[in-house]
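First comes the structure, then the notes that go with it.
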Amino acid sequence: MLAVRALHKSYRSGASHLAVLRGVDLRLAAGEVMALTGPSGVGKSTLLHLVAGLDRPDAGTVEVAGTEVTSLKGPPLDRYRSRTMGLVYQFHFLLPEFTALENVRMPAVIAGVPDGGKARAAALLAEVGLSGRGHHLPGQLSGGEQQRVALARALVNDPALLLADEPTGNLDEETAAQVSRLLFDLAAARGLAVLLATHNPGLAAACHRTARLEAGQVQMTAPRPDGIIV
């Protein structure tokens, strides 16, 4: 589902360049959940942004579901971001003036989905345990509820790949565990490929594999023997 090959990315720092990614290789199968770990500032978010098509590498390729993302521009890139992948951040980034249901529907409305994805958005809210909260504004929801809305929003266009950047980093331990379990359940039910950046060792240990990013390169763990998330 996801193939990252020889990915390089650097940023200008004064008169020099700061190399963040130095030939990253990574593969992720459909139905697999992979943790992306490493020290703060090592480039985990950079890697996610490159896979999401939000930034471009200096060299290397990103291929998702048979499409080379690094070669896309204009409307094809917009369609990839809208349809093929979903993105969840540490902070929910919900639009405060719109209800939970309207926030979940937003990507579907932008993508021109018939009926603005209203029925699918309502079904997803029910699936994340918020069927009675669809008409509430974000400010009327708890932090965990807001993050569940953000997760439903990321899935409303039925992506093949879900990217999550510290999805539980802003939550207390109990709520973080609930959101993690929900993410795993949704991924398993849909056969999603999930790449999530995390500093949470418990969350990383629950994934099928872990990719540790350090010194610009990735070191992979072996797959779990049973291939099952616990």
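Chain identifiers are assigned as A, B, and so on, following the order in which chains appear in the structure tokens; residues are numbered from 1 within each chain, and ligands are numbered from 1 in order of appearance.
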Dump as CSV the rows for residues of segment 129-174 of chain A within 12 Å of segment 55-74 of chain A: closest atom pair and distance in Å with one decimal, only C-alpha atoms counted, ordered by chain and rising residue number.
residue,atom,partner,partner_atom,distance
A:Pro159,CA,A:Ala65,CA,10.3
A:Ala160,CA,A:Ala65,CA,7.5
A:Leu161,CA,A:Val64,CA,7.9
A:Leu162,CA,A:Val64,CA,11.1
A:Leu163,CA,A:Val64,CA,12.0
Selection: 7 Å around Ala150 of chain A, only C-alpha atoms, excl. self and same-chain fewer than 2 positions, as number ranges by chain: A: 88, 92, 94, 146-148, 152-154
Given the selection you just returned, output its residues as a file containing C-alpha atoms, formatted as a PDB file, in the first residue's frame.
ATOM      1  CA  VAL A  88      -4.996  12.966  12.005  1.00  0.00           C
ATOM      2  CA  HIS A  92      -7.871  17.961  16.398  1.00  0.00           C
ATOM      3  CA  LEU A  94     -11.824  21.124  14.215  1.00  0.00           C
ATOM      4  CA  GLN A 146     -12.900  16.029  19.692  1.00  0.00           C
ATOM      5  CA  GLN A 147     -10.138  13.628  18.676  1.00  0.00           C
ATOM      6  CA  ARG A 148     -12.709  10.970  17.793  1.00  0.00           C
ATOM      7  CA  ALA A 152     -14.046  10.183  11.775  1.00  0.00           C
ATOM      8  CA  ARG A 153     -13.292  13.206   9.575  1.00  0.00           C
ATOM      9  CA  ALA A 154     -10.071  11.550   8.342  1.00  0.00           C
TER      10      ALA A 154
END
All helix (DSSP H, G or I) positions in segment 92-197 of chain A, as a count of residues only: 60
Nearby residues (only C-alpha atoms) at most 9 Å from Ala211 of chain A, same-chain spacing under 5 positions excluded, as a ChimeraX atom specification: /A:26,34-38,218-221
Keeping all heavy atoms for every residue in the selection just given, could you write it to a file as a PDB file, in the first residue's frame?
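Just written: result-v4.pdb:
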ATOM      1  N   LEU A  26      10.852   2.441   3.427  1.00  0.00           N
ATOM      2  CA  LEU A  26       9.783   1.957   4.317  1.00  0.00           C
ATOM      3  C   LEU A  26       8.669   1.367   3.470  1.00  0.00           C
ATOM      4  O   LEU A  26       8.310   1.919   2.422  1.00  0.00           O
ATOM      5  CB  LEU A  26       9.262   3.133   5.150  1.00  0.00           C
ATOM      6  CG  LEU A  26       8.232   2.904   6.247  1.00  0.00           C
ATOM      7  CD1 LEU A  26       8.443   3.925   7.370  1.00  0.00           C
ATOM      8  CD2 LEU A  26       6.826   3.060   5.697  1.00  0.00           C
ATOM      9  N   MET A  34       1.671   0.573  11.647  1.00  0.00           N
ATOM     10  CA  MET A  34       3.087   0.732  11.939  1.00  0.00           C
ATOM     11  C   MET A  34       3.310   1.990  12.772  1.00  0.00           C
ATOM     12  O   MET A  34       2.793   3.063  12.441  1.00  0.00           O
ATOM     13  CB  MET A  34       3.904   0.819  10.641  1.00  0.00           C
ATOM     14  CG  MET A  34       5.419   0.968  10.864  1.00  0.00           C
ATOM     15  SD  MET A  34       6.300   1.174   9.290  1.00  0.00           S
ATOM     16  CE  MET A  34       6.037  -0.446   8.547  1.00  0.00           C
ATOM     17  N   ALA A  35       4.076   1.843  13.848  1.00  0.00           N
ATOM     18  CA  ALA A  35       4.452   2.995  14.668  1.00  0.00           C
ATOM     19  C   ALA A  35       5.732   3.609  14.129  1.00  0.00           C
ATOM     20  O   ALA A  35       6.679   2.896  13.780  1.00  0.00           O
ATOM     21  CB  ALA A  35       4.649   2.565  16.113  1.00  0.00           C
ATOM     22  N   LEU A  36       5.765   4.925  14.065  1.00  0.00           N
ATOM     23  CA  LEU A  36       6.964   5.664  13.671  1.00  0.00           C
ATOM     24  C   LEU A  36       7.476   6.371  14.920  1.00  0.00           C
ATOM     25  O   LEU A  36       6.799   7.245  15.469  1.00  0.00           O
ATOM     26  CB  LEU A  36       6.627   6.670  12.568  1.00  0.00           C
ATOM     27  CG  LEU A  36       7.760   7.538  12.038  1.00  0.00           C
ATOM     28  CD1 LEU A  36       8.840   6.674  11.382  1.00  0.00           C
ATOM     29  CD2 LEU A  36       7.223   8.558  11.032  1.00  0.00           C
ATOM     30  N   THR A  37       8.630   5.954  15.423  1.00  0.00           N
ATOM     31  CA  THR A  37       9.150   6.474  16.674  1.00  0.00           C
ATOM     32  C   THR A  37      10.498   7.151  16.454  1.00  0.00           C
ATOM     33  O   THR A  37      11.080   7.095  15.378  1.00  0.00           O
ATOM     34  CB  THR A  37       9.305   5.350  17.719  1.00  0.00           C
ATOM     35  OG1 THR A  37      10.322   4.437  17.285  1.00  0.00           O
ATOM     36  CG2 THR A  37       7.994   4.591  17.901  1.00  0.00           C
ATOM     37  N   GLY A  38      10.989   7.776  17.522  1.00  0.00           N
ATOM     38  CA  GLY A  38      12.273   8.460  17.460  1.00  0.00           C
ATOM     39  C   GLY A  38      12.228   9.725  18.282  1.00  0.00           C
ATOM     40  O   GLY A  38      11.150  10.194  18.666  1.00  0.00           O
ATOM     41  N   VAL A 218      15.754   4.899   8.891  1.00  0.00           N
ATOM     42  CA  VAL A 218      14.767   4.094   9.612  1.00  0.00           C
ATOM     43  C   VAL A 218      15.329   2.717   9.911  1.00  0.00           C
ATOM     44  O   VAL A 218      15.951   2.080   9.052  1.00  0.00           O
ATOM     45  CB  VAL A 218      13.468   3.968   8.780  1.00  0.00           C
ATOM     46  CG1 VAL A 218      12.661   2.762   9.205  1.00  0.00           C
ATOM     47  CG2 VAL A 218      12.620   5.230   8.930  1.00  0.00           C
ATOM     48  N   GLN A 219      15.091   2.284  11.139  1.00  0.00           N
ATOM     49  CA  GLN A 219      15.391   0.904  11.516  1.00  0.00           C
ATOM     50  C   GLN A 219      14.074   0.212  11.833  1.00  0.00           C
ATOM     51  O   GLN A 219      13.296   0.702  12.651  1.00  0.00           O
ATOM     52  CB  GLN A 219      16.321   0.867  12.730  1.00  0.00           C
ATOM     53  CG  GLN A 219      17.720   1.385  12.453  1.00  0.00           C
ATOM     54  CD  GLN A 219      18.629   1.260  13.658  1.00  0.00           C
ATOM     55  OE1 GLN A 219      18.166   1.159  14.784  1.00  0.00           O
ATOM     56  NE2 GLN A 219      19.925   1.247  13.409  1.00  0.00           N
ATOM     57  N   MET A 220      13.838  -0.945  11.220  1.00  0.00           N
ATOM     58  CA  MET A 220      12.572  -1.640  11.362  1.00  0.00           C
ATOM     59  C   MET A 220      12.670  -2.749  12.398  1.00  0.00           C
ATOM     60  O   MET A 220      13.695  -3.405  12.528  1.00  0.00           O
ATOM     61  CB  MET A 220      12.151  -2.266  10.024  1.00  0.00           C
ATOM     62  CG  MET A 220      12.002  -1.280   8.885  1.00  0.00           C
ATOM     63  SD  MET A 220      10.715  -0.051   9.207  1.00  0.00           S
ATOM     64  CE  MET A 220       9.317  -1.117   9.546  1.00  0.00           C
ATOM     65  N   THR A 221      11.567  -2.964  13.128  1.00  0.00           N
ATOM     66  CA  THR A 221      11.445  -4.138  13.970  1.00  0.00           C
ATOM     67  C   THR A 221      10.842  -5.265  13.139  1.00  0.00           C
ATOM     68  O   THR A 221      10.201  -5.032  12.117  1.00  0.00           O
ATOM     69  CB  THR A 221      10.539  -3.888  15.177  1.00  0.00           C
ATOM     70  OG1 THR A 221       9.198  -3.631  14.711  1.00  0.00           O
ATOM     71  CG2 THR A 221      11.024  -2.716  16.000  1.00  0.00           C
TER      72      THR A 221
END
Distance criterion (only C-alpha atoms): nearest to Ala6 of chain A out of A:Val104, A:Gly216, A:Leu137, A:Cys207: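 Distance minimum relative to Ala6 of chain A lands on A:Gly216.
For Thr198 of chain A, the list of residues within 10 Å, based on only C-alpha atoms and with local chain neighbours fewer than 6 positions off taken out, reads A:Ala35, A:Leu36, A:Thr37, A:Gly38, A:Pro39, A:Ser40, A:Lys44, A:Gln90, A:Ala164, A:Asp165, A:Glu166, A:Pro167, A:Thr168, A:Gly169, A:Ala204.
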Nearest to Leu186 of chain A, chosen from A:Asp115, A:Glu32, A:Asp78, A:Asp25, with only C-alpha atoms counted in the distances: A:Glu32
Shell of 10 Å around Glu127 of chain A, only C-alpha atoms, local chain residues under 2 positions omitted, as an NGL selection string: :A and (121-125 or 129-131 or 148 or 152 or 182 or 186)
File dump, residues just selected, N, CA, C and O atoms, as a short mmCIF file (atom, residue, chain, number, x, y, z; two decimals), in the first residue's frame:
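File again_17.cif, as written:
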data_model
loop_
_atom_site.label_atom_id
_atom_site.label_comp_id
_atom_site.auth_asym_id
_atom_site.auth_seq_id
_atom_site.Cartn_x
_atom_site.Cartn_y
_atom_site.Cartn_z
N ALA A 121 -20.98 10.37 7.19
CA ALA A 121 -20.46 11.09 8.36
C ALA A 121 -21.24 10.71 9.61
O ALA A 121 -20.65 10.48 10.68
N ALA A 122 -22.54 10.61 9.50
CA ALA A 122 -23.36 10.22 10.65
C ALA A 122 -23.03 8.80 11.09
O ALA A 122 -22.96 8.51 12.29
N ALA A 123 -22.82 7.90 10.11
CA ALA A 123 -22.48 6.51 10.44
C ALA A 123 -21.13 6.44 11.14
O ALA A 123 -20.94 5.66 12.08
N LEU A 124 -20.17 7.25 10.68
CA LEU A 124 -18.85 7.26 11.30
C LEU A 124 -18.90 7.80 12.73
O LEU A 124 -18.23 7.29 13.63
N LEU A 125 -19.71 8.84 12.94
CA LEU A 125 -19.86 9.37 14.30
C LEU A 125 -20.42 8.29 15.22
O LEU A 125 -20.00 8.16 16.37
N GLY A 129 -18.67 6.23 18.55
CA GLY A 129 -19.37 6.40 19.82
C GLY A 129 -19.92 7.78 20.08
O GLY A 129 -20.16 8.15 21.24
N LEU A 130 -20.19 8.53 19.02
CA LEU A 130 -20.65 9.91 19.18
C LEU A 130 -21.96 10.16 18.44
O LEU A 130 -22.22 11.27 17.98
N SER A 131 -22.81 9.14 18.35
CA SER A 131 -24.05 9.30 17.58
C SER A 131 -24.96 10.38 18.17
O SER A 131 -25.72 11.01 17.43
N ARG A 148 -11.92 11.98 18.50
CA ARG A 148 -12.71 10.97 17.79
C ARG A 148 -13.42 11.58 16.58
O ARG A 148 -13.55 10.93 15.54
N ALA A 152 -12.93 10.42 12.71
CA ALA A 152 -14.05 10.18 11.77
C ALA A 152 -13.90 11.05 10.53
O ALA A 152 -14.15 10.60 9.40
N LEU A 182 -9.74 2.44 19.50
CA LEU A 182 -10.68 2.77 18.44
C LEU A 182 -9.97 2.85 17.10
O LEU A 182 -10.47 2.33 16.09
N LEU A 186 -10.88 0.45 13.92
CA LEU A 186 -11.30 1.00 12.63
C LEU A 186 -10.37 0.55 11.52
O LEU A 186 -10.81 0.24 10.41
#
Closest of A:Ala52, A:Ala15, A:Ala100, A:Leu155 to Leu141 of chain A - atom-to-atom distances counting only C-alpha atoms: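 The answer is A:Ala100, which sits nearest to Leu141 of chain A.
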Select from segment 26-193 of chain A everything DSSP, run on the backbone, classes as strand (DSSP E), then give the selection as a PDB file with C-alpha atoms, in the first residue's frame.
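The resulting file, out-v6.pdb, is reproduced below:
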ATOM      1  CA  LEU A  26       9.783   1.957   4.317  1.00  0.00           C
ATOM      2  CA  ARG A  27       6.987  -0.394   3.228  1.00  0.00           C
ATOM      3  CA  LEU A  28       3.525  -0.727   4.710  1.00  0.00           C
ATOM      4  CA  VAL A  33      -0.469  -0.559  11.610  1.00  0.00           C
ATOM      5  CA  MET A  34       3.087   0.732  11.939  1.00  0.00           C
ATOM      6  CA  ALA A  35       4.452   2.995  14.668  1.00  0.00           C
ATOM      7  CA  LEU A  36       6.964   5.664  13.671  1.00  0.00           C
ATOM      8  CA  THR A  37       9.150   6.474  16.674  1.00  0.00           C
ATOM      9  CA  ALA A  59      15.172  12.919  -3.793  1.00  0.00           C
ATOM     10  CA  GLY A  60      13.424   9.577  -3.635  1.00  0.00           C
ATOM     11  CA  THR A  61       9.837   8.484  -4.183  1.00  0.00           C
ATOM     12  CA  VAL A  62       6.619   7.864  -2.267  1.00  0.00           C
ATOM     13  CA  GLU A  63       4.166   5.413  -3.797  1.00  0.00           C
ATOM     14  CA  VAL A  64       0.693   4.871  -2.352  1.00  0.00           C
ATOM     15  CA  THR A  67       0.405   5.993  -7.469  1.00  0.00           C
ATOM     16  CA  GLU A  68       3.714   7.832  -7.240  1.00  0.00           C
ATOM     17  CA  MET A  85      -5.161   9.232   2.422  1.00  0.00           C
ATOM     18  CA  GLY A  86      -6.521  10.598   5.687  1.00  0.00           C
ATOM     19  CA  LEU A  87      -4.565  12.596   8.238  1.00  0.00           C
ATOM     20  CA  VAL A  88      -4.996  12.966  12.005  1.00  0.00           C
ATOM     21  CA  LEU A 161      -3.930   5.034   4.016  1.00  0.00           C
ATOM     22  CA  LEU A 162      -4.279   6.766   7.380  1.00  0.00           C
ATOM     23  CA  LEU A 163      -1.464   8.957   8.692  1.00  0.00           C
ATOM     24  CA  ALA A 164      -1.522   9.954  12.356  1.00  0.00           C
ATOM     25  CA  ASP A 165       0.889  12.416  13.961  1.00  0.00           C
ATOM     26  CA  ALA A 193      -2.720   0.856   6.201  1.00  0.00           C
TER      27      ALA A 193
END
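Nearest residue to Glu214 of chain A, choosing from A:Arg190, A:His199, A:Arg22, A:Lys118 and counting only C-alpha atoms: A:Arg22.
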Between atom CA of Ala111 of chain A and atom CA of Ser82 of chain A - distance in Å to one decimal: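 Value for the atom CA of Ser82 of chain A-atom CA of Ala111 of chain A distance: 6.6 Å.
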For Gly31 of chain A: contacts at 8 Å, only C-alpha atoms, fewer than 4 positions along chain excluded, given as a PyMOL selection string: chain A and resi 187-188+190-194
Which of A:Glu97, A:Glu145, A:Asp158, A:Glu173 sits closest to Gly117 of chain A [using only C-alpha atoms]: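 Using only C-alpha atoms, Gly117 of chain A sits closest to A:Asp158.
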Selected residue, from A:Leu48, A:Ala126, A:Leu151, A:Leu171, that lies nearest to Asn103 of chain A when counting only C-alpha atoms: A:Leu151
Residues near Asp172 of chain A, cut-off 12 Å, only C-alpha atoms, skip fewer than 5 positions along chain, as a PyMOL selection string: chain A and resi 142-144+167+177-180+200
Gap from atom CA of Ala30 of chain A to atom CA of Val4 of chain A - Å, one decimal: 14.5 Å
Distance in Å - atom CA of Arg209 of chain A versus atom CA of Phe93 of chain A: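 That distance, rounded to one decimal, is 28.0 Å.
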